[in-house]
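Visitor: Structure file query.pdb, PDB, C-alpha atoms, pLDDT in the B column, is pasted below:
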ATOM      1  CA  MET A   1     -82.780-145.519  12.258  1.00 42.00           C
ATOM      2  CA  ARG A   2     -83.815-142.100  13.606  1.00 47.00           C
ATOM      3  CA  ALA A   3     -82.881-143.199  17.131  1.00 43.00           C
ATOM      4  CA  LEU A   4     -79.419-144.092  15.849  1.00 40.00           C
ATOM      5  CA  PHE A   5     -78.995-140.623  14.352  1.00 42.00           C
ATOM      6  CA  LEU A   6     -80.123-138.977  17.585  1.00 42.00           C
ATOM      7  CA  GLY A   7     -77.674-141.116  19.517  1.00 43.00           C
ATOM      8  CA  ILE A   8     -74.822-140.118  17.226  1.00 43.00           C
ATOM      9  CA  MET A   9     -75.785-136.440  17.505  1.00 44.00           C
ATOM     10  CA  ALA A  10     -75.936-136.621  21.300  1.00 42.00           C
ATOM     11  CA  GLY A  11     -72.527-138.268  21.382  1.00 46.00           C
ATOM     12  CA  LEU A  12     -71.050-135.566  19.160  1.00 43.00           C
ATOM     13  CA  LEU A  13     -72.519-132.768  21.274  1.00 46.00           C
ATOM     14  CA  ILE A  14     -71.204-134.310  24.478  1.00 43.00           C
ATOM     15  CA  GLY A  15     -67.805-134.668  22.826  1.00 48.00           C
ATOM     16  CA  CYS A  16     -67.821-130.955  21.985  1.00 48.00           C
ATOM     17  CA  VAL A  17     -67.961-130.110  25.691  1.00 57.00           C
ATOM     18  CA  SER A  18     -64.603-131.730  26.357  1.00 76.00           C
ATOM     19  CA  ALA A  19     -62.598-131.610  29.546  1.00 85.00           C
ATOM     20  CA  SER A  20     -60.065-129.335  27.851  1.00 86.00           C
ATOM     21  CA  ARG A  21     -62.793-126.814  26.965  1.00 89.00           C
ATOM     22  CA  ILE A  22     -64.108-126.768  30.515  1.00 90.00           C
ATOM     23  CA  ARG A  23     -60.547-126.404  31.819  1.00 91.00           C
ATOM     24  CA  GLU A  24     -59.860-123.478  29.480  1.00 93.00           C
ATOM     25  CA  ALA A  25     -63.089-121.698  30.452  1.00 92.00           C
ATOM     26  CA  GLN A  26     -62.314-122.096  34.173  1.00 93.00           C
ATOM     27  CA  CYS A  27     -58.716-120.997  33.597  1.00 95.00           C
ATOM     28  CA  PHE A  28     -59.905-117.922  31.695  1.00 94.00           C
ATOM     29  CA  GLY A  29     -62.155-116.918  34.602  1.00 93.00           C
ATOM     30  CA  ILE A  30     -59.338-117.326  37.131  1.00 95.00           C
ATOM     31  CA  LEU A  31     -56.928-115.352  34.944  1.00 95.00           C
ATOM     32  CA  MET A  32     -59.367-112.436  34.782  1.00 94.00           C
ATOM     33  CA  LEU A  33     -59.127-112.204  38.572  1.00 94.00           C
ATOM     34  CA  ASP A  34     -55.354-112.744  38.435  1.00 95.00           C
ATOM     35  CA  VAL A  35     -54.938-109.767  36.076  1.00 95.00           C
ATOM     36  CA  LEU A  36     -57.009-107.516  38.347  1.00 94.00           C
ATOM     37  CA  ASN A  37     -55.106-108.650  41.453  1.00 94.00           C
ATOM     38  CA  SER A  38     -51.716-108.226  39.793  1.00 93.00           C
ATOM     39  CA  GLU A  39     -52.668-104.713  38.638  1.00 94.00           C
ATOM     40  CA  GLN A  40     -53.635-103.785  42.195  1.00 94.00           C
ATOM     41  CA  GLU A  41     -50.433-105.309  43.568  1.00 93.00           C
ATOM     42  CA  LEU A  42     -48.379-103.421  40.980  1.00 92.00           C
ATOM     43  CA  ASP A  43     -50.055-100.133  41.910  1.00 93.00           C
ATOM     44  CA  VAL A  44     -49.418-100.746  45.626  1.00 92.00           C
ATOM     45  CA  MET A  45     -45.760-101.658  45.062  1.00 90.00           C
ATOM     46  CA  GLU A  46     -45.135 -98.664  42.808  1.00 90.00           C
ATOM     47  CA  GLY A  47     -46.873 -96.361  45.290  1.00 90.00           C
ATOM     48  CA  ALA A  48     -44.786 -97.656  48.209  1.00 89.00           C
ATOM     49  CA  TRP A  49     -41.543 -97.263  46.248  1.00 88.00           C
ATOM     50  CA  ARG A  50     -42.371 -93.749  45.050  1.00 88.00           C
ATOM     51  CA  THR A  51     -43.456 -92.691  48.561  1.00 87.00           C
ATOM     52  CA  VAL A  52     -40.143 -93.795  50.060  1.00 86.00           C
ATOM     53  CA  GLN A  53     -38.258 -92.223  47.158  1.00 83.00           C
ATOM     54  CA  GLN A  54     -40.045 -88.905  47.654  1.00 81.00           C
ATOM     55  CA  ALA A  55     -39.524 -88.987  51.428  1.00 82.00           C
ATOM     56  CA  ARG A  56     -35.792 -89.635  50.978  1.00 79.00           C
ATOM     57  CA  TYR A  57     -35.556 -86.818  48.441  1.00 76.00           C
ATOM     58  CA  GLU A  58     -37.283 -84.395  50.806  1.00 77.00           C
ATOM     59  CA  ARG A  59     -35.001 -85.386  53.704  1.00 77.00           C
ATOM     60  CA  SER A  60     -31.974 -85.025  51.439  1.00 72.00           C
ATOM     61  CA  LEU A  61     -33.152 -81.581  50.364  1.00 75.00           C
ATOM     62  CA  ALA A  62     -33.667 -80.518  53.965  1.00 65.00           C
ATOM     63  CA  VAL A  63     -30.146 -81.688  54.898  1.00 65.00           C
ATOM     64  CA  ARG A  64     -28.640 -79.781  51.962  1.00 69.00           C
ATOM     65  CA  GLU A  65     -30.452 -76.594  52.928  1.00 68.00           C
ATOM     66  CA  SER A  66     -29.338 -77.000  56.523  1.00 68.00           C
ATOM     67  CA  LEU A  67     -25.701 -77.478  55.468  1.00 63.00           C
ATOM     68  CA  VAL A  68     -25.816 -74.426  53.222  1.00 61.00           C
ATOM     69  CA  GLN A  69     -27.277 -72.278  55.982  1.00 63.00           C
ATOM     70  CA  SER A  70     -24.662 -73.506  58.472  1.00 64.00           C
ATOM     71  CA  ALA A  71     -21.859 -72.800  55.998  1.00 59.00           C
ATOM     72  CA  LEU A  72     -23.135 -69.311  55.262  1.00 58.00           C
ATOM     73  CA  VAL A  73     -23.226 -68.466  58.971  1.00 58.00           C
ATOM     74  CA  ALA A  74     -19.866 -70.065  59.795  1.00 59.00           C
ATOM     75  CA  ASP A  75     -17.916 -68.831  56.759  1.00 55.00           C
ATOM     76  CA  THR A  76     -19.458 -65.383  56.528  1.00 51.00           C
ATOM     77  CA  GLY A  77     -21.273 -66.023  53.289  1.00 49.00           C
ATOM     78  CA  VAL A  78     -18.749 -68.286  51.536  1.00 47.00           C
ATOM     79  CA  PRO A  79     -19.733 -71.961  51.392  1.00 50.00           C
ATOM     80  CA  SER A  80     -17.043 -74.403  52.407  1.00 53.00           C
ATOM     81  CA  ALA A  81     -15.490 -76.705  49.812  1.00 53.00           C
ATOM     82  CA  SER A  82     -17.356 -79.751  51.128  1.00 53.00           C
ATOM     83  CA  VAL A  83     -20.708 -77.988  50.922  1.00 50.00           C
ATOM     84  CA  ALA A  84     -19.942 -76.650  47.437  1.00 52.00           C
ATOM     85  CA  LEU A  85     -19.043 -80.174  46.292  1.00 52.00           C
ATOM     86  CA  LEU A  86     -22.242 -81.503  47.829  1.00 50.00           C
ATOM     87  CA  LEU A  87     -24.317 -78.937  45.941  1.00 50.00           C
ATOM     88  CA  GLN A  88     -22.628 -79.745  42.620  1.00 50.00           C
ATOM     89  CA  GLU A  89     -23.111 -83.504  42.847  1.00 48.00           C
ATOM     90  CA  ASP A  90     -26.520 -85.104  42.630  1.00 48.00           C
ATOM     91  CA  ARG A  91     -25.893 -87.720  45.234  1.00 50.00           C
ATOM     92  CA  PRO A  92     -28.172 -88.852  48.045  1.00 50.00           C
ATOM     93  CA  VAL A  93     -27.823 -87.212  51.418  1.00 49.00           C
ATOM     94  CA  GLY A  94     -29.196 -89.301  54.231  1.00 51.00           C
ATOM     95  CA  GLY A  95     -28.814 -92.633  55.890  1.00 54.00           C
ATOM     96  CA  SER A  96     -27.892 -95.762  53.992  1.00 64.00           C
ATOM     97  CA  GLN A  97     -30.968 -97.373  55.533  1.00 67.00           C
ATOM     98  CA  ASP A  98     -33.184 -95.030  53.493  1.00 66.00           C
ATOM     99  CA  VAL A  99     -31.366 -95.956  50.284  1.00 76.00           C
ATOM    100  CA  SER A 100     -31.490 -99.680  51.104  1.00 84.00           C
ATOM    101  CA  GLU A 101     -35.228 -99.515  51.782  1.00 85.00           C
ATOM    102  CA  GLU A 102     -35.814 -97.686  48.523  1.00 85.00           C
ATOM    103  CA  GLN A 103     -33.740-100.214  46.578  1.00 88.00           C
ATOM    104  CA  ALA A 104     -35.579-103.146  48.197  1.00 89.00           C
ATOM    105  CA  LEU A 105     -38.956-101.633  47.340  1.00 88.00           C
ATOM    106  CA  TYR A 106     -37.824-100.962  43.782  1.00 91.00           C
ATOM    107  CA  ARG A 107     -36.723-104.600  43.377  1.00 92.00           C
ATOM    108  CA  ARG A 108     -40.114-105.767  44.644  1.00 91.00           C
ATOM    109  CA  PHE A 109     -41.822-103.361  42.240  1.00 91.00           C
ATOM    110  CA  VAL A 110     -39.796-104.727  39.286  1.00 92.00           C
ATOM    111  CA  GLU A 111     -40.630-108.319  40.294  1.00 93.00           C
ATOM    112  CA  SER A 112     -44.306-107.411  40.609  1.00 92.00           C
ATOM    113  CA  ARG A 113     -44.240-105.790  37.171  1.00 93.00           C
ATOM    114  CA  ALA A 114     -42.659-108.927  35.655  1.00 94.00           C
ATOM    115  CA  ARG A 115     -45.346-111.143  37.239  1.00 93.00           C
ATOM    116  CA  HIS A 116     -48.042-108.805  35.942  1.00 95.00           C
ATOM    117  CA  ARG A 117     -46.663-109.018  32.404  1.00 96.00           C
ATOM    118  CA  GLU A 118     -46.600-112.815  32.583  1.00 95.00           C
ATOM    119  CA  THR A 119     -50.178-112.867  33.848  1.00 95.00           C
ATOM    120  CA  VAL A 120     -51.363-110.543  31.071  1.00 96.00           C
ATOM    121  CA  ASP A 121     -49.483-112.622  28.474  1.00 96.00           C
ATOM    122  CA  TRP A 122     -51.142-115.876  29.564  1.00 96.00           C
ATOM    123  CA  TYR A 123     -54.497-114.144  29.881  1.00 96.00           C
ATOM    124  CA  GLY A 124     -54.214-113.111  26.225  1.00 95.00           C
ATOM    125  CA  ARG A 125     -53.211-116.612  25.128  1.00 95.00           C
ATOM    126  CA  VAL A 126     -56.077-118.303  26.979  1.00 96.00           C
ATOM    127  CA  ALA A 127     -58.535-115.627  25.774  1.00 94.00           C
ATOM    128  CA  ARG A 128     -57.503-116.316  22.154  1.00 94.00           C
ATOM    129  CA  ARG A 129     -57.950-120.039  22.772  1.00 94.00           C
ATOM    130  CA  VAL A 130     -61.474-119.587  24.161  1.00 93.00           C
ATOM    131  CA  GLU A 131     -62.336-117.202  21.315  1.00 93.00           C
ATOM    132  CA  THR A 132     -61.175-119.740  18.721  1.00 92.00           C
ATOM    133  CA  ARG A 133     -63.224-122.461  20.422  1.00 91.00           C
ATOM    134  CA  LEU A 134     -66.325-120.261  20.158  1.00 91.00           C
ATOM    135  CA  GLU A 135     -65.570-119.535  16.517  1.00 90.00           C
ATOM    136  CA  GLU A 136     -65.242-123.259  15.889  1.00 89.00           C
ATOM    137  CA  ASP A 137     -68.615-123.895  17.539  1.00 87.00           C
ATOM    138  CA  GLU A 138     -70.283-121.170  15.467  1.00 87.00           C
ATOM    139  CA  MET A 139     -69.043-122.877  12.319  1.00 87.00           C
ATOM    140  CA  LEU A 140     -69.780-126.469  13.299  1.00 85.00           C
ATOM    141  CA  TYR A 141     -73.109-126.340  15.156  1.00 81.00           C
ATOM    142  CA  PRO A 142     -75.172-125.177  12.144  1.00 83.00           C
ATOM    143  CA  VAL A 143     -73.559-127.902  10.028  1.00 82.00           C
ATOM    144  CA  LEU A 144     -74.267-130.476  12.711  1.00 78.00           C
ATOM    145  CA  GLY A 145     -77.884-129.321  12.869  1.00 79.00           C
ATOM    146  CA  MET A 146     -78.336-129.715   9.108  1.00 80.00           C
ATOM    147  CA  LEU A 147     -76.632-133.093   8.873  1.00 78.00           C
ATOM    148  CA  ALA A 148     -78.217-134.614  11.969  1.00 76.00           C
ATOM    149  CA  THR A 149     -81.571-135.241  10.288  1.00 78.00           C
ATOM    150  CA  SER A 150     -80.170-137.280   7.412  1.00 77.00           C
ATOM    151  CA  THR A 151     -77.702-140.029   6.647  1.00 79.00           C
ATOM    152  CA  ALA A 152     -75.210-137.274   5.703  1.00 76.00           C
ATOM    153  CA  ILE A 153     -74.309-137.152   9.398  1.00 81.00           C
ATOM    154  CA  ILE A 154     -71.560-139.637   8.596  1.00 83.00           C
ATOM    155  CA  PHE A 155     -69.701-136.793   6.832  1.00 80.00           C
ATOM    156  CA  TYR A 156     -69.666-134.585   9.922  1.00 80.00           C
ATOM    157  CA  PRO A 157     -66.287-135.882  11.212  1.00 84.00           C
ATOM    158  CA  ILE A 158     -64.764-134.893   7.848  1.00 85.00           C
ATOM    159  CA  VAL A 159     -66.288-131.404   8.037  1.00 83.00           C
ATOM    160  CA  ARG A 160     -65.095-131.055  11.625  1.00 84.00           C
ATOM    161  CA  TRP A 161     -61.578-132.130  10.695  1.00 85.00           C
ATOM    162  CA  ASN A 162     -61.474-129.582   7.837  1.00 83.00           C
ATOM    163  CA  VAL A 163     -62.681-126.758  10.082  1.00 84.00           C
ATOM    164  CA  ARG A 164     -60.157-127.678  12.772  1.00 83.00           C
ATOM    165  CA  SER A 165     -57.274-127.855  10.317  1.00 82.00           C
ATOM    166  CA  VAL A 166     -58.072-124.307   9.153  1.00 84.00           C
ATOM    167  CA  LEU A 167     -58.751-122.755  12.573  1.00 84.00           C
ATOM    168  CA  TRP A 168     -55.955-124.420  14.519  1.00 85.00           C
ATOM    169  CA  ASP A 169     -53.303-124.517  11.770  1.00 83.00           C
ATOM    170  CA  GLY A 170     -52.384-128.128  12.441  1.00 78.00           C
ATOM    171  CA  VAL A 171     -52.186-127.716  16.232  1.00 83.00           C
ATOM    172  CA  ASP A 172     -54.213-130.057  18.432  1.00 86.00           C
ATOM    173  CA  PRO A 173     -55.657-127.830  21.169  1.00 89.00           C
ATOM    174  CA  ASP A 174     -56.751-130.879  23.152  1.00 86.00           C
ATOM    175  CA  ALA A 175     -53.305-132.499  23.315  1.00 86.00           C
ATOM    176  CA  GLU A 176     -51.840-133.002  26.783  1.00 84.00           C
ATOM    177  CA  ASP A 177     -48.555-131.381  25.740  1.00 89.00           C
ATOM    178  CA  ASP A 178     -50.302-128.277  24.396  1.00 92.00           C
ATOM    179  CA  PRO A 179     -48.807-125.208  26.192  1.00 93.00           C
ATOM    180  CA  VAL A 180     -52.206-123.691  27.049  1.00 94.00           C
ATOM    181  CA  GLN A 181     -53.502-127.011  28.342  1.00 93.00           C
ATOM    182  CA  ARG A 182     -50.398-127.486  30.489  1.00 93.00           C
ATOM    183  CA  PHE A 183     -50.666-123.957  31.836  1.00 95.00           C
ATOM    184  CA  CYS A 184     -54.378-124.241  32.634  1.00 94.00           C
ATOM    185  CA  THR A 185     -53.903-127.616  34.320  1.00 92.00           C
ATOM    186  CA  ASN A 186     -51.158-126.149  36.503  1.00 93.00           C
ATOM    187  CA  ARG A 187     -53.129-122.980  37.271  1.00 93.00           C
ATOM    188  CA  LEU A 188     -56.305-124.853  38.218  1.00 92.00           C
ATOM    189  CA  ALA A 189     -54.227-127.110  40.447  1.00 90.00           C
ATOM    190  CA  GLY A 190     -53.177-124.019  42.378  1.00 83.00           C
ATOM    191  CA  GLY A 191     -49.830-123.428  40.698  1.00 67.00           C
ATOM    192  CA  ASP A 192     -48.726-119.807  40.798  1.00 60.00           C
ATOM    193  CA  SER A 193     -45.609-120.011  38.634  1.00 54.00           C
ATOM    194  CA  PHE A 194     -45.917-119.369  34.929  1.00 55.00           C
ATOM    195  CA  PRO A 195     -44.070-121.578  32.424  1.00 54.00           C
ATOM    196  CA  PRO A 196     -42.230-119.678  29.711  1.00 50.00           C
ATOM    197  CA  PRO A 197     -44.514-118.992  26.729  1.00 51.00           C
ATOM    198  CA  SER A 198     -43.828-121.091  23.648  1.00 51.00           C
ATOM    199  CA  PRO A 199     -43.982-119.719  20.100  1.00 47.00           C
ATOM    200  CA  ALA A 200     -47.050-121.732  19.138  1.00 47.00           C
ATOM    201  CA  GLU A 201     -50.173-122.604  21.072  1.00 46.00           C
TER     202      GLU A 201
END
Render the structure in this file as structure tokens.
Guide:
Amino acid sequence: MRALFLGIMAGLLIGCVSASRIREAQCFGILMLDVLNSEQELDVMEGAWRTVQQARYERSLAVRESLVQSALVADTGVPSASVALLLQEDRPVGGSQDVSEEQALYRRFVESRARHRETVDWYGRVARRVETRLEEDEMLYPVLGMLATSTAIIFYPIVRWNVRSVLWDGVDPDAEDDPVQRFCTNRLAGGDSFPPPSPAE
């Protein structure tokens, strides 16, 4: 009889280390690196955009000063109408190539920021999932330890079901259509596109 109880306990413990749990833990580790990499990428993209923006501003300022000086020399101290208009308007002075480069870098920066936000969002969702799994284990393992030495072990599935219904609010975290499971499966398979987050995990 004792051997039967030990067999049941071993089966339950093995079941606790499910494929979905392993997948979530691996996914969580990868997402930690993803968040760090996306932060670095975001910093690089923002730095490149701001550098080009500053360089264009400085060139524009130099051109304005040059025009003003030329106008003062040519018109004996009275700026021409075109120079006066240029000074009143805050518009870029310089080649369209500079503006195009700045706009392209800004678009890449915005895209990088959007990817970073998606990465951080999924990181938070997977972190909450792993945290809830650990909380579930902390509640169930002591119960399993107490029940494993007696015939009361037959009530463990009921206790486990009650704990799960409270912690997961009716959601099956091991279901194949679970959003976190789908995301982690895709991410571990090398997918780099994030599905849109759903309201419930």
Visitor: Excluding same-chain residues fewer than 5 positions from Glu176 of chain A, what lies within 10 Å of it counting all atoms listed in the file, as a ChimeraX atom specification?
Guide: /A:20,181-182,185
Visitor: In Å, with one decimal, what is the gap from atom CA of Glu138 of chain A to atom CA of Ser18 of chain A?
Guide: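 These two atoms are separated by 16.2 Å.
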Visitor: Env of segment 29-45 of chain A: 8 Å cut, atoms = all atoms listed in the file, seq-sep filter 6 positions within chain, self excluded. Answer as a list in words.
Guide: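 Returned residues: Leu105, Arg108, Phe109, Ser112, Arg113, Arg115, His116, Thr119, Val120, Trp122 and Tyr123 of chain A.
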Visitor: Please produce a file of the residues just selected, as a CSV table (one decimal), in the coordinates of the input, where the atoms kept are C-alpha atoms.
Guide:
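Generated output (selection-v2.csv):
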chain,number,residue,atom,x,y,z
A,105,LEU,CA,-39.0,-101.6,47.3
A,108,ARG,CA,-40.1,-105.8,44.6
A,109,PHE,CA,-41.8,-103.4,42.2
A,112,SER,CA,-44.3,-107.4,40.6
A,113,ARG,CA,-44.2,-105.8,37.2
A,115,ARG,CA,-45.3,-111.1,37.2
A,116,HIS,CA,-48.0,-108.8,35.9
A,119,THR,CA,-50.2,-112.9,33.8
A,120,VAL,CA,-51.4,-110.5,31.1
A,122,TRP,CA,-51.1,-115.9,29.6
A,123,TYR,CA,-54.5,-114.1,29.9
Visitor: Point out the residue among A:Phe28, A:Ile153, A:Leu188, A:Thr132 with the least atom-to-atom distance to Trp168 of chain A, counting only C-alpha atoms.
Guide: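 Checking each of A:Phe28, A:Ile153, A:Leu188, A:Thr132 against Trp168 of chain A, counting only C-alpha atoms, the winner is A:Thr132.
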Visitor: The PyMOL selection byres ((chain A and resi 156) around 12) on the file shown: which residues, as a short mmCIF file (atom, residue, chain, number, x, y, z; two decimals) with C-alpha atoms, in the coordinates of the input?
Guide:
data_model
loop_
_atom_site.label_atom_id
_atom_site.label_comp_id
_atom_site.auth_asym_id
_atom_site.auth_seq_id
_atom_site.Cartn_x
_atom_site.Cartn_y
_atom_site.Cartn_z
CA PHE A 5 -79.00 -140.62 14.35
CA ILE A 8 -74.82 -140.12 17.23
CA MET A 9 -75.78 -136.44 17.50
CA LEU A 12 -71.05 -135.57 19.16
CA LEU A 13 -72.52 -132.77 21.27
CA MET A 139 -69.04 -122.88 12.32
CA LEU A 140 -69.78 -126.47 13.30
CA TYR A 141 -73.11 -126.34 15.16
CA PRO A 142 -75.17 -125.18 12.14
CA VAL A 143 -73.56 -127.90 10.03
CA LEU A 144 -74.27 -130.48 12.71
CA GLY A 145 -77.88 -129.32 12.87
CA MET A 146 -78.34 -129.72 9.11
CA LEU A 147 -76.63 -133.09 8.87
CA ALA A 148 -78.22 -134.61 11.97
CA THR A 149 -81.57 -135.24 10.29
CA SER A 150 -80.17 -137.28 7.41
CA THR A 151 -77.70 -140.03 6.65
CA ALA A 152 -75.21 -137.27 5.70
CA ILE A 153 -74.31 -137.15 9.40
CA ILE A 154 -71.56 -139.64 8.60
CA PHE A 155 -69.70 -136.79 6.83
CA PRO A 157 -66.29 -135.88 11.21
CA ILE A 158 -64.76 -134.89 7.85
CA VAL A 159 -66.29 -131.40 8.04
CA ARG A 160 -65.10 -131.06 11.62
CA TRP A 161 -61.58 -132.13 10.70
CA ASN A 162 -61.47 -129.58 7.84
CA VAL A 163 -62.68 -126.76 10.08
#
Visitor: Go ahead and fit an axis-aligned box to every listed atom of segment 49-59 of chain A plus 8 Å each side, and pass me the centre and edge lengths in Å, one decimal, as AutoDock Vina command-line options.
Guide:
--center_x -39.2 --center_y -90.8 --center_z 49.4 --size_x 24.5 --size_y 28.9 --size_z 24.7
Visitor: Find the distance between atom CA of Ala19 of chain A and atom CA of Ser165 of chain A and write it in Å to one decimal.
Guide: 20.3 Å
Visitor: How far is it from atom CA of Arg59 of chain A to atom CA of Glu46 of chain A, in Å with one decimal?
Guide: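 Interatomic distance here is 19.9 Å.
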